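Text of the file work01.cif, holding mmCIF, C-alpha atoms and all ligand atoms:
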```
data_my_file
#
loop_
_atom_site.label_atom_id
_atom_site.label_comp_id
_atom_site.auth_asym_id
_atom_site.auth_seq_id
_atom_site.Cartn_x
_atom_site.Cartn_y
_atom_site.Cartn_z
CA MET A 1 0.00 0.00 0.00
CA GLY A 2 1.29 3.42 -0.70
CA SER A 3 0.96 6.96 0.40
CA THR A 4 -1.71 9.37 -0.61
CA GLU A 5 0.32 12.53 -0.17
CA THR A 6 0.86 12.63 -3.85
CA SER A 7 -2.88 12.92 -4.04
CA ALA A 8 -2.18 16.48 -3.07
CA THR A 9 -1.81 16.82 -6.78
CA TYR A 10 -5.54 16.38 -7.06
CA GLY A 11 -7.30 18.81 -9.32
CA ALA A 12 -5.91 21.33 -11.71
CA GLU A 13 -2.20 21.14 -12.26
CA THR A 14 -1.79 24.78 -12.88
CA GLY A 15 -0.29 26.81 -10.09
CA ARG A 16 1.48 23.90 -8.41
CA LYS A 17 5.01 24.78 -7.35
CA PRO A 18 8.03 22.69 -8.47
CA GLN A 19 8.65 21.77 -4.83
CA PHE A 20 5.16 20.26 -4.75
CA TRP A 21 5.98 17.94 -7.61
CA ARG A 22 9.32 17.09 -6.04
CA LEU A 23 7.41 16.07 -2.92
CA ALA A 24 5.10 14.00 -5.09
CA MET A 25 8.11 12.22 -6.61
CA ARG A 26 9.58 11.58 -3.17
CA CYS A 27 6.27 10.14 -2.04
CA THR A 28 5.98 7.77 -4.98
CA GLN A 29 9.44 6.49 -4.09
CA ILE A 30 8.49 5.98 -0.43
CA ALA A 31 5.16 4.38 -1.32
CA GLY A 32 6.80 2.05 -3.85
CA THR A 33 9.37 0.98 -1.25
CA VAL A 34 6.63 0.29 1.31
CA ASP A 35 4.84 -1.84 -1.27
CA VAL A 36 7.99 -3.89 -1.88
CA ALA A 37 8.06 -4.57 1.88
CA PHE A 38 4.39 -5.53 1.69
CA PHE A 39 5.10 -8.03 -1.06
CA PHE A 40 7.40 -10.02 1.21
CA LEU A 41 5.18 -9.51 4.25
CA PHE A 42 2.12 -10.97 2.51
CA LEU A 43 4.07 -13.86 1.04
CA ALA A 44 5.24 -14.66 4.57
CA LEU A 45 1.74 -14.24 5.99
CA GLY A 46 0.20 -16.57 3.42
CA SER A 47 -1.73 -14.10 1.28
CA PRO A 48 -0.22 -14.51 -2.19
CA ILE A 49 -2.95 -12.52 -3.95
CA LEU A 50 -2.23 -9.46 -1.83
CA ALA A 51 1.48 -10.01 -2.38
CA TRP A 52 0.95 -9.79 -6.15
CA VAL A 53 -1.35 -6.81 -5.73
CA ASN A 54 1.69 -5.08 -4.30
CA VAL A 55 3.70 -5.91 -7.39
CA ALA A 56 1.03 -4.08 -9.41
CA SER A 57 1.19 -1.20 -6.91
CA VAL A 58 4.95 -0.90 -7.26
CA ALA A 59 4.48 -0.80 -11.04
CA MET A 60 1.89 1.97 -10.68
CA TYR A 61 4.13 4.03 -8.42
CA ALA A 62 7.05 3.51 -10.78
CA GLY A 63 4.77 4.71 -13.60
CA ALA A 64 3.71 7.72 -11.54
CA TYR A 65 7.34 8.51 -10.73
CA TYR A 66 8.41 8.49 -14.37
CA ALA A 67 5.29 10.42 -15.37
CA LEU A 68 6.25 13.12 -12.84
CA LYS A 69 9.81 13.07 -14.12
CA ASN A 70 8.52 13.66 -17.65
CA ARG A 71 6.14 16.36 -16.41
CA GLN A 72 3.08 14.25 -17.18
CA ASN A 73 1.62 15.30 -13.86
CA GLY A 74 -1.99 14.53 -14.77
CA LEU A 75 -1.12 10.91 -15.55
CA ALA A 76 0.79 10.65 -12.27
CA ILE A 77 -2.22 11.90 -10.33
CA VAL A 78 -4.51 9.33 -11.94
CA LEU A 79 -2.05 6.50 -11.23
CA ILE A 80 -1.62 7.49 -7.60
CA TRP A 81 -5.34 7.90 -6.93
CA ALA A 82 -6.11 4.61 -8.66
CA GLU A 83 -3.42 2.80 -6.70
CA VAL A 84 -4.52 4.03 -3.30
CA LEU A 85 -8.26 3.52 -3.90
CA LEU A 86 -7.91 0.06 -5.46
CA HIS A 87 -5.27 -1.13 -3.04
CA ALA A 88 -7.34 -0.13 -0.02
CA ALA A 89 -10.43 -1.87 -1.40
CA LEU A 90 -8.59 -5.05 -2.38
CA GLY A 91 -6.75 -5.26 0.93
CA ILE A 92 -9.97 -4.89 2.90
CA ILE A 93 -12.04 -7.29 0.77
CA LEU A 94 -9.30 -9.93 0.76
CA ILE A 95 -8.24 -9.97 4.42
CA GLY A 96 -10.78 -7.78 6.22
CA TRP A 97 -11.45 -4.31 7.68
CA GLY A 98 -9.15 -5.14 10.60
CA SER A 99 -6.16 -4.98 8.23
CA GLY A 100 -6.29 -1.18 8.50
CA PHE A 101 -5.85 -0.59 4.76
CA HIS A 102 -8.60 2.02 4.98
CA TYR A 103 -6.31 4.33 6.98
CA TYR A 104 -4.49 5.18 3.75
CA LEU A 105 -7.67 6.72 2.38
CA LEU A 106 -7.69 9.21 5.25
CA MET A 107 -4.41 10.62 4.02
CA PHE A 108 -6.25 12.07 1.06
CA ILE A 109 -8.15 14.43 3.39
CA PRO A 110 -5.37 16.92 4.23
CA ALA A 111 -3.94 16.54 0.76
CA ILE A 112 -7.26 17.48 -0.84
CA CYS A 113 -7.91 20.34 1.59
CA VAL A 114 -4.49 21.87 1.11
CA SER A 115 -4.05 21.39 -2.58
CA ALA A 116 -7.31 21.01 -4.46
CA PRO A 117 -9.13 24.02 -5.89
CA ARG A 118 -12.04 24.80 -3.54
CA ARG A 119 -14.83 23.76 -5.88
CA TRP A 120 -13.15 20.38 -6.38
CA ALA A 121 -12.25 19.86 -2.76
CA PHE A 122 -15.83 19.50 -1.57
CA VAL A 123 -16.74 16.98 -4.28
CA ALA A 124 -13.52 15.04 -3.74
CA LEU A 125 -14.01 14.88 0.03
CA LEU A 126 -17.61 13.77 -0.35
CA THR A 127 -16.61 11.07 -2.83
CA LEU A 128 -13.84 9.91 -0.55
CA TRP A 129 -16.20 9.76 2.40
CA GLY A 130 -18.73 7.79 0.32
CA TYR A 131 -16.03 5.35 -0.79
CA TYR A 132 -14.77 4.90 2.76
CA VAL A 133 -18.23 4.31 4.21
CA ALA A 134 -19.21 1.99 1.36
CA LEU A 135 -16.19 -0.20 2.05
CA ASP A 136 -17.01 -0.26 5.77
CA VAL A 137 -20.66 -1.14 5.17
CA LEU A 138 -19.68 -3.77 2.60
CA MET A 139 -17.50 -5.52 5.14
CA TRP A 140 -20.43 -5.70 7.61
CA SER A 141 -22.20 -8.01 5.22
CA ILE A 142 -19.42 -10.11 3.63
CA GLU A 143 -16.57 -12.19 4.99
CA PRO A 144 -12.97 -11.51 3.84
CA VAL A 145 -12.26 -13.45 0.65
CA GLN A 146 -8.79 -14.64 1.69
CA PRO A 147 -8.59 -14.33 5.48
CA ILE A 148 -5.27 -14.64 7.27
CA ASN A 149 -4.77 -15.81 10.86
CA PRO A 150 -5.65 -13.27 13.60
CA LEU A 151 -2.04 -12.67 14.67
CA ALA A 152 -1.01 -12.00 11.07
CA LEU A 153 -3.98 -9.64 10.71
CA GLN A 154 -2.84 -7.73 13.79
CA ILE A 155 0.68 -7.47 12.40
CA VAL A 156 -0.67 -6.08 9.09
CA HIS A 157 -2.87 -3.68 11.04
CA LEU A 158 0.06 -2.40 13.10
CA PHE A 159 2.23 -2.12 10.00
CA ASN A 160 -0.40 -0.08 8.15
CA LEU A 161 -1.07 2.09 11.17
CA SER A 162 2.63 2.82 11.57
CA VAL A 163 3.17 3.62 7.89
CA VAL A 164 0.18 5.98 7.84
CA PHE A 165 1.35 7.59 11.09
CA ALA A 166 4.83 8.19 9.64
CA MET A 167 3.42 9.55 6.40
CA PHE A 168 1.02 11.90 8.16
CA SER A 169 3.97 13.25 10.15
CA TYR A 170 6.03 13.67 6.99
CA LEU A 171 3.19 15.41 5.17
CA SER A 172 2.41 17.69 8.10
CA THR A 173 6.03 18.72 8.35
CA PHE A 174 6.09 19.50 4.64
CA TYR A 175 2.91 21.58 4.83
CA LEU A 176 4.17 23.40 7.90
CA LYS A 177 7.47 24.20 6.20
CA THR A 178 5.60 25.45 3.13
CA VAL A 179 3.38 27.72 5.20
CA VAL A 180 6.29 29.08 7.24
CA ARG A 181 8.30 29.75 4.07
CA ALA A 182 5.38 31.51 2.41
CA HIS A 183 4.80 33.58 5.53
CA GLN A 184 8.46 34.61 5.66
CA LYS A 185 8.40 35.57 2.00
CA LEU A 186 5.27 37.66 2.42
CA ARG A 187 6.69 39.34 5.49
CA LEU A 188 9.86 40.20 3.63
CA LEU A 189 7.87 41.61 0.70
CA ALA A 190 5.73 43.68 3.02
CA THR A 191 8.53 45.11 5.13
CA THR A 192 11.56 45.64 2.91
CA ASP A 193 12.54 47.66 -0.10
CA PRO A 194 13.25 45.19 -2.93
CA LEU A 195 16.17 47.13 -4.43
CA THR A 196 18.25 47.70 -1.30
CA GLY A 197 16.88 45.09 1.10
CA LEU A 198 16.51 47.86 3.70
CA LEU A 199 13.31 48.45 5.67
CA ASN A 200 10.67 50.11 3.55
CA ARG A 201 9.06 53.38 4.58
CA ARG A 202 5.89 51.77 5.96
CA HIS A 203 7.67 49.29 8.18
CA MET A 204 10.21 51.89 9.25
CA THR A 205 7.37 54.14 10.35
CA TYR A 206 5.90 51.28 12.38
CA LEU A 207 9.23 50.39 14.03
CA ALA A 208 10.19 54.02 14.62
CA ASP A 209 6.83 54.67 16.29
CA ARG A 210 7.55 51.76 18.62
CA GLU A 211 10.98 53.21 19.30
CA MET A 212 9.34 56.56 20.06
CA ALA A 213 6.99 54.90 22.56
CA ARG A 214 9.96 53.18 24.22
CA PHE A 215 11.80 56.50 24.36
CA ASN A 216 8.81 58.15 26.03
CA ARG A 217 8.83 55.43 28.68
CA SER A 218 12.56 55.06 29.29
CA GLY A 219 13.95 58.47 28.30
CA HIS A 220 16.98 56.84 26.66
CA PRO A 221 18.05 59.11 23.79
CA VAL A 222 17.28 58.12 20.19
CA GLY A 223 19.10 59.69 17.25
CA VAL A 224 17.59 60.30 13.82
CA LEU A 225 19.61 60.58 10.60
CA LEU A 226 18.21 61.58 7.27
CA LEU A 227 20.76 60.91 4.57
CA ASP A 228 20.50 61.90 0.93
CA ILE A 229 22.81 61.20 -1.99
CA ASP A 230 24.04 64.43 -3.58
CA HIS A 231 23.26 65.06 -7.23
CA PHE A 232 21.95 61.58 -7.70
CA LYS A 233 20.02 62.64 -10.77
CA ALA A 234 23.37 63.27 -12.46
CA ILE A 235 24.42 59.66 -11.76
CA ASN A 236 21.26 58.42 -13.46
CA ASP A 237 21.68 60.83 -16.34
CA GLU A 238 25.33 59.97 -16.90
CA PHE A 239 25.41 56.23 -16.28
CA GLY A 240 21.83 55.13 -16.68
CA HIS A 241 19.10 54.05 -14.28
CA GLU A 242 20.53 50.58 -13.82
CA VAL A 243 23.85 51.91 -12.55
CA GLY A 244 21.83 54.32 -10.39
CA ASP A 245 20.11 51.31 -8.87
CA GLN A 246 23.45 49.64 -8.20
CA VAL A 247 24.67 52.79 -6.49
CA LEU A 248 21.61 52.76 -4.24
CA ALA A 249 22.20 49.10 -3.38
CA SER A 250 25.87 49.80 -2.60
CA VAL A 251 24.97 52.75 -0.38
CA ALA A 252 22.59 50.42 1.46
CA ASP A 253 25.44 47.93 1.96
CA ILE A 254 27.68 50.68 3.32
CA LEU A 255 24.94 51.76 5.75
CA ARG A 256 24.52 48.19 6.94
CA ASN A 257 28.26 47.85 7.47
CA GLN A 258 28.62 51.14 9.29
CA LEU A 259 25.72 50.74 11.68
CA ARG A 260 24.91 48.49 14.62
CA GLU A 261 22.56 45.53 14.68
CA GLN A 262 19.97 47.44 16.69
CA ASP A 263 19.92 50.50 14.40
CA LEU A 264 16.93 50.80 12.07
CA VAL A 265 17.92 51.57 8.50
CA SER A 266 15.34 52.32 5.84
CA ARG A 267 14.99 53.58 2.32
CA TRP A 268 12.77 56.55 3.02
CA GLY A 269 12.38 57.81 -0.52
CA GLY A 270 14.18 57.59 -3.91
CA GLU A 271 17.77 58.37 -2.83
CA GLU A 272 16.97 59.25 0.76
CA PHE A 273 17.60 57.02 3.78
CA LEU A 274 16.16 57.37 7.27
CA ILE A 275 18.11 55.85 10.13
CA ILE A 276 17.00 55.54 13.74
CA LEU A 277 19.72 55.03 16.31
CA PRO A 278 18.42 53.70 19.65
CA ASP A 279 20.30 54.70 22.82
CA THR A 280 22.18 57.37 20.88
CA GLY A 281 22.22 61.05 21.73
CA ILE A 282 22.59 63.71 19.07
CA GLU A 283 26.38 64.03 19.42
CA LYS A 284 26.93 60.33 18.90
CA ALA A 285 24.40 60.34 16.08
CA GLN A 286 26.44 63.08 14.43
CA VAL A 287 29.58 60.94 14.75
CA SER A 288 27.74 58.04 13.08
CA ALA A 289 26.53 60.31 10.29
CA GLU A 290 30.06 61.61 9.68
CA ARG A 291 31.39 58.06 9.62
CA ILE A 292 28.78 57.09 7.03
CA ARG A 293 29.40 60.18 4.92
CA GLN A 294 33.14 59.43 4.92
CA ALA A 295 32.62 55.74 4.11
CA ILE A 296 30.49 56.61 1.08
CA LEU A 297 33.05 59.19 -0.02
CA ASP A 298 35.91 56.67 0.37
CA PHE A 299 34.11 53.88 -1.43
CA ASP A 300 35.68 52.87 -4.73
CA TRP A 301 32.74 53.65 -7.02
CA ARG A 302 34.68 52.48 -10.06
CA SER A 303 33.40 48.98 -9.28
CA VAL A 304 29.91 50.30 -10.04
CA THR A 305 30.30 53.13 -12.54
CA ARG A 306 33.54 51.94 -14.26
CA THR A 307 34.93 55.47 -14.04
CA ASP A 308 36.22 57.69 -11.26
CA VAL A 309 33.26 59.10 -9.39
CA HIS A 310 33.21 60.82 -6.04
CA LEU A 311 29.82 60.21 -4.58
CA THR A 312 28.91 62.50 -1.72
CA THR A 313 26.02 62.55 0.68
CA SER A 314 24.42 65.08 2.96
CA ALA A 315 22.76 64.24 6.25
CA GLY A 316 20.53 65.95 8.76
CA VAL A 317 20.63 64.80 12.38
CA SER A 318 18.00 65.18 15.08
CA GLU A 319 16.93 63.31 18.18
CA PHE A 320 13.59 62.32 19.69
CA ARG A 321 11.95 64.76 22.05
CA CYS A 322 9.53 63.79 24.79
CA GLY A 323 5.87 63.64 23.82
CA GLU A 324 6.34 64.50 20.16
CA ARG A 325 5.38 62.40 17.17
CA LEU A 326 7.88 60.73 14.85
CA GLY A 327 7.10 63.18 12.05
CA ALA A 328 8.38 66.09 14.14
CA ALA A 329 11.81 64.52 14.68
CA VAL A 330 12.05 63.58 10.99
CA SER A 331 11.06 67.12 9.96
CA ARG A 332 13.86 68.61 12.06
CA ALA A 333 16.34 66.17 10.50
CA ASP A 334 14.93 67.13 7.09
CA ARG A 335 15.43 70.83 7.74
CA ALA A 336 19.00 70.12 8.85
CA LEU A 337 19.53 68.10 5.69
CA TYR A 338 18.21 70.98 3.62
CA ARG A 339 20.75 73.27 5.25
CA GLY A 340 23.45 70.75 4.38
CA LYS A 341 22.38 70.80 0.74
CA ALA A 342 22.12 74.57 0.69
CA GLY A 343 25.51 74.89 2.38
CA GLY A 344 27.33 73.05 -0.39
CA ARG A 345 26.44 69.36 0.21
CA ASN A 346 28.81 66.60 1.41
CA ARG A 347 28.17 67.57 5.00
CA VAL A 348 26.33 66.64 8.18
CA GLU A 349 24.13 69.24 9.84
CA LEU A 350 22.48 69.10 13.27
CA GLU A 351 18.95 70.12 14.06
CA THR A 352 18.41 73.58 15.43
CA ALA A 353 15.83 74.37 18.06
N1 LIG A 401 18.21 54.67 -10.40
C1 LIG A 401 17.25 55.08 -9.58
N2 LIG A 401 17.00 56.39 -9.46
C2 LIG A 401 16.05 56.82 -8.63
C3 LIG A 401 15.29 55.91 -7.87
N3 LIG A 401 14.42 56.64 -7.13
C4 LIG A 401 14.64 57.94 -7.42
N4 LIG A 401 15.62 58.05 -8.32
C5 LIG A 401 16.16 59.25 -8.93
O1 LIG A 401 16.77 60.06 -7.96
C6 LIG A 401 16.87 61.37 -8.52
C7 LIG A 401 16.66 62.38 -7.42
O2 LIG A 401 16.87 63.61 -7.99
P1 LIG A 401 16.75 64.97 -7.19
O3 LIG A 401 15.57 64.88 -6.26
O4 LIG A 401 16.78 66.07 -8.18
O5 LIG A 401 17.99 64.96 -6.26
P2 LIG A 401 19.54 64.98 -6.59
O6 LIG A 401 19.83 64.91 -8.04
O7 LIG A 401 20.16 63.90 -5.75
O8 LIG A 401 19.98 66.38 -6.08
P3 LIG A 401 20.18 66.81 -4.57
O9 LIG A 401 19.41 65.89 -3.69
O10 LIG A 401 19.67 68.20 -4.50
O11 LIG A 401 21.65 66.74 -4.30
C8 LIG A 401 15.82 61.45 -9.63
O12 LIG A 401 16.50 61.55 -10.86
C9 LIG A 401 15.09 60.15 -9.54
O13 LIG A 401 14.72 59.65 -10.80
C10 LIG A 401 15.56 54.53 -8.04
O14 LIG A 401 14.96 53.66 -7.41
N5 LIG A 401 16.55 54.16 -8.88
#
```

As structure tokens:
Amino acid sequence: MGSTETSATYGAETGRKPQFWRLAMRCTQIAGTVDVAFFFLFLALGSPILAWVNVASVAMYAGAYYALKNRQNGLAIVLIWAEVLLHAALGIILIGWGSGFHYYLLMFIPAICVSAPRRWAFVALLTLWGYYVALDVLMWSIEPVQPINPLALQIVHLFNLSVVFAMFSYLSTFYLKTVVRAHQKLRLLATTDPLTGLLNRRHMTYLADREMARFNRSGHPVGVLLLDIDHFKAINDEFGHEVGDQVLASVADILRNQLREQDLVSRWGGEEFLIILPDTGIEKAQVSAERIRQAILDFDWRSVTRTDVHLTTSAGVSEFRCGERLGAAVSRADRALYRGKAGGRNRVELETA
């Protein structure tokens, strides 16, 4: 008997991720191996028909495996469904309900719920339920066709139970990993700027607001830097937008390298970066800003622009004040930045009262 996790392929094939089909291939391998074990088990337990049923099952899983390999996913789905449904029915009719072959049918439930399109899922679940109940009811009224001794039946039952248990665990782990990965990806998309990998403006606002609340409680100083690349338009005009993008990404790398783990670094606008420095008064924030300005100036921009370029930046520095909103601190940094630009650029200016 084999797994039904590949039944997760139920329904339309479109939209399935490559990792899903890789899982399906893995499952056909596992299920085929289990069926080889079954072949010997049933020979030993004196049920040759079931033993040969397993040979057919191995052939079906091998077919499904090669179908998946050749991207004939629809064929693979049919083979896997057919194998599980027929194998469960044959096992139960031949040696009885107590064999536990029906457990394998239950593995279709999570697979259908997770993977089938919604309109198919309901029909598939109902059909599965009908099939399951029909087999149960059938066995109330007929005796197993090729019964095996009670001890052997218990062994088969335990074997089936254990295989289904292991496969449920494997499937659950896979689904959990998939959900966690998708969640992480969404989170990253929602919180970071795709070009630089820095925090985006929305998430920065959220984190900075939290920092502001902490500041209001603890009173520990928080520095604010607003940094802007000088004459960035000229970079775009001279070297093209793509090089401009690379410059932005490199500036982001420099910021990451120059700042501490706890500092919040964001792309605030086109070529403007907002940085929040927890536990940092305005003097220390100024030192950080100078260090960043110098690092950007010292950077060998030939690796990006292929010619000698001296990229400069201007920065405005402020710090949080009790009871104010984030916007007020950013505005003061912005005014300081404006003074830096007006005063000739390539400089760090502090907020004024
Ligand atoms: N390559 C690239 N350019 C961008 C991006 N976002 C904004 N820009 C460009 O950044 C430039 C900003 O130009 P300005 O606002 O005039 O500023 P500036 O040229 O840096 O001049 P100053 O700030 O006054 O020193 C514009 O040309 C925008 O097109 C981006 O994501 N990639």

Next on the checklist: Show me which residues are within 9 Å of ligand LIG 401 (chain A) counting all atoms listed in the file, and format the list as a ChimeraX atom specification.
Outcome noted: /A:195,228-237,240-248,269-272,312-314,338,341-342,345

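Closest approach to Ile296 (chain A) among A:Leu255, A:Leu188, A:Met139, A:Gly74: A:Leu255, based on all atoms listed in the file.
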
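Taking CA of Gly98 (chain A) as the reference point, CA of Ile80 (chain A) is found at 23.4 Å.
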
Checklist outcome for this item: Correct to one decimal, the distance CA of Met212 (chain A)-CA of Val224 (chain A) is 11.0 Å

Checklist outcome for this item: Restricting to all atoms listed in the file, whichever of A:Ile92, A:Leu226, A:Ile292, A:Leu259 is closest to Tyr104 (chain A) is A:Ile92

What are the closest atom pairs, with distances in Å to one decimal, for each residue of region 105-213 of chain A lying within 12 Å of region 318-331 of chain A, using all atoms listed in the file, rows by chain and rising residue number, as CSV?
```
residue,atom,partner,partner_atom,distance
A:Met204,CA,A:Leu326,CA,10.7
A:Thr205,CA,A:Leu326,CA,8.0
A:Tyr206,CA,A:Leu326,CA,10.0
A:Leu207,CA,A:Leu326,CA,10.5
A:Ala208,CA,A:Leu326,CA,7.1
A:Asp209,CA,A:Leu326,CA,6.3
A:Arg210,CA,A:Leu326,CA,9.7
A:Glu211,CA,A:Leu326,CA,9.3
A:Met212,CA,A:Leu326,CA,6.8
A:Ala213,CA,A:Gly323,CA,8.9
```

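With all atoms listed in the file as the atoms that count, the minimum distance from Ile148 (chain A) to the choices A:Gly316, A:Gly219, A:Pro48, A:Gly344 is reached by A:Pro48.
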
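For the choices A:Phe42, A:Ala190, A:Gln19, A:Arg181, the atom-to-atom distance to Ala152 (chain A) is smallest for A:Phe42 when using all atoms listed in the file.
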
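CA of Ala252 (chain A) to CA of Lys284 (chain A) spans 20.5 Å [interatomic distance, one decimal].
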
Checklist entry - Neighbours of Glu261 (chain A) within 12 Å (only C-alpha atoms; same-chain residues fewer than 3 positions away dropped), as a PyMOL selection string? => result chain A and resi 255-258+264-265+276-278

Item to check | For Leu85 (chain A): contacts at 12 Å, all atoms listed in the file, fewer than 4 positions along chain excluded, given as a PyMOL selection string | outcome: chain A and resi 1-4+7+57+78-81+89-92+101-108+127-129+131-132+135

Serialized selection, C-alpha atoms, as a CSV table (one decimal), keeping the file's coordinate frame:
```csv
chain,number,residue,atom,x,y,z
A,1,MET,CA,0.0,0.0,0.0
A,2,GLY,CA,1.3,3.4,-0.7
A,3,SER,CA,1.0,7.0,0.4
A,4,THR,CA,-1.7,9.4,-0.6
A,7,SER,CA,-2.9,12.9,-4.0
A,57,SER,CA,1.2,-1.2,-6.9
A,78,VAL,CA,-4.5,9.3,-11.9
A,79,LEU,CA,-2.0,6.5,-11.2
A,80,ILE,CA,-1.6,7.5,-7.6
A,81,TRP,CA,-5.3,7.9,-6.9
A,89,ALA,CA,-10.4,-1.9,-1.4
A,90,LEU,CA,-8.6,-5.0,-2.4
A,91,GLY,CA,-6.8,-5.3,0.9
A,92,ILE,CA,-10.0,-4.9,2.9
A,101,PHE,CA,-5.8,-0.6,4.8
A,102,HIS,CA,-8.6,2.0,5.0
A,103,TYR,CA,-6.3,4.3,7.0
A,104,TYR,CA,-4.5,5.2,3.8
A,105,LEU,CA,-7.7,6.7,2.4
A,106,LEU,CA,-7.7,9.2,5.2
A,107,MET,CA,-4.4,10.6,4.0
A,108,PHE,CA,-6.2,12.1,1.1
A,127,THR,CA,-16.6,11.1,-2.8
A,128,LEU,CA,-13.8,9.9,-0.6
A,129,TRP,CA,-16.2,9.8,2.4
A,131,TYR,CA,-16.0,5.4,-0.8
A,132,TYR,CA,-14.8,4.9,2.8
A,135,LEU,CA,-16.2,-0.2,2.0
```

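Proximity to Thr307 (chain A) was assessed for A:Phe159, A:Ser288, A:Glu238, A:Gly281 counting all atoms listed in the file; the smallest distance is recorded for A:Glu238.
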
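Minimum atom-to-atom distances from A:Leu50, A:Leu161, A:Leu189, A:Leu227 to Trp268 (chain A) were compared using all atoms listed in the file, and the lowest value belongs to A:Leu227.
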
Item to check | Long-range neighbours of Ser266 (chain A) as a ChimeraX atom specification, 6 Å cut-off, all atoms listed in the file, 6 positions minimum in chain | outcome: /A:198-200,273-274

Item to check | Val348 (chain A) environment, 8 Å, all atoms listed in the file, sequence neighbours closer than 2 positions dropped, as a list in words | outcome: Gln286, Ala289, Glu290, Arg293, Ser314, Ala315, Gly316, Val317, Leu337, Gly340, Asn346 and Leu350 of chain A

Keeping only C-alpha atoms, take the residues you just selected and write them out as a PDB file, in the frame of the given file.
```pdb
ATOM      1  CA  GLN A 286      26.440  63.080  14.430  1.00  0.00           C
ATOM      2  CA  ALA A 289      26.530  60.310  10.290  1.00  0.00           C
ATOM      3  CA  GLU A 290      30.060  61.610   9.680  1.00  0.00           C
ATOM      4  CA  ARG A 293      29.400  60.180   4.920  1.00  0.00           C
ATOM      5  CA  SER A 314      24.420  65.080   2.960  1.00  0.00           C
ATOM      6  CA  ALA A 315      22.760  64.240   6.250  1.00  0.00           C
ATOM      7  CA  GLY A 316      20.530  65.950   8.760  1.00  0.00           C
ATOM      8  CA  VAL A 317      20.630  64.800  12.380  1.00  0.00           C
ATOM      9  CA  LEU A 337      19.530  68.100   5.690  1.00  0.00           C
ATOM     10  CA  GLY A 340      23.450  70.750   4.380  1.00  0.00           C
ATOM     11  CA  ASN A 346      28.810  66.600   1.410  1.00  0.00           C
ATOM     12  CA  LEU A 350      22.480  69.100  13.270  1.00  0.00           C
TER      13      LEU A 350
END
```
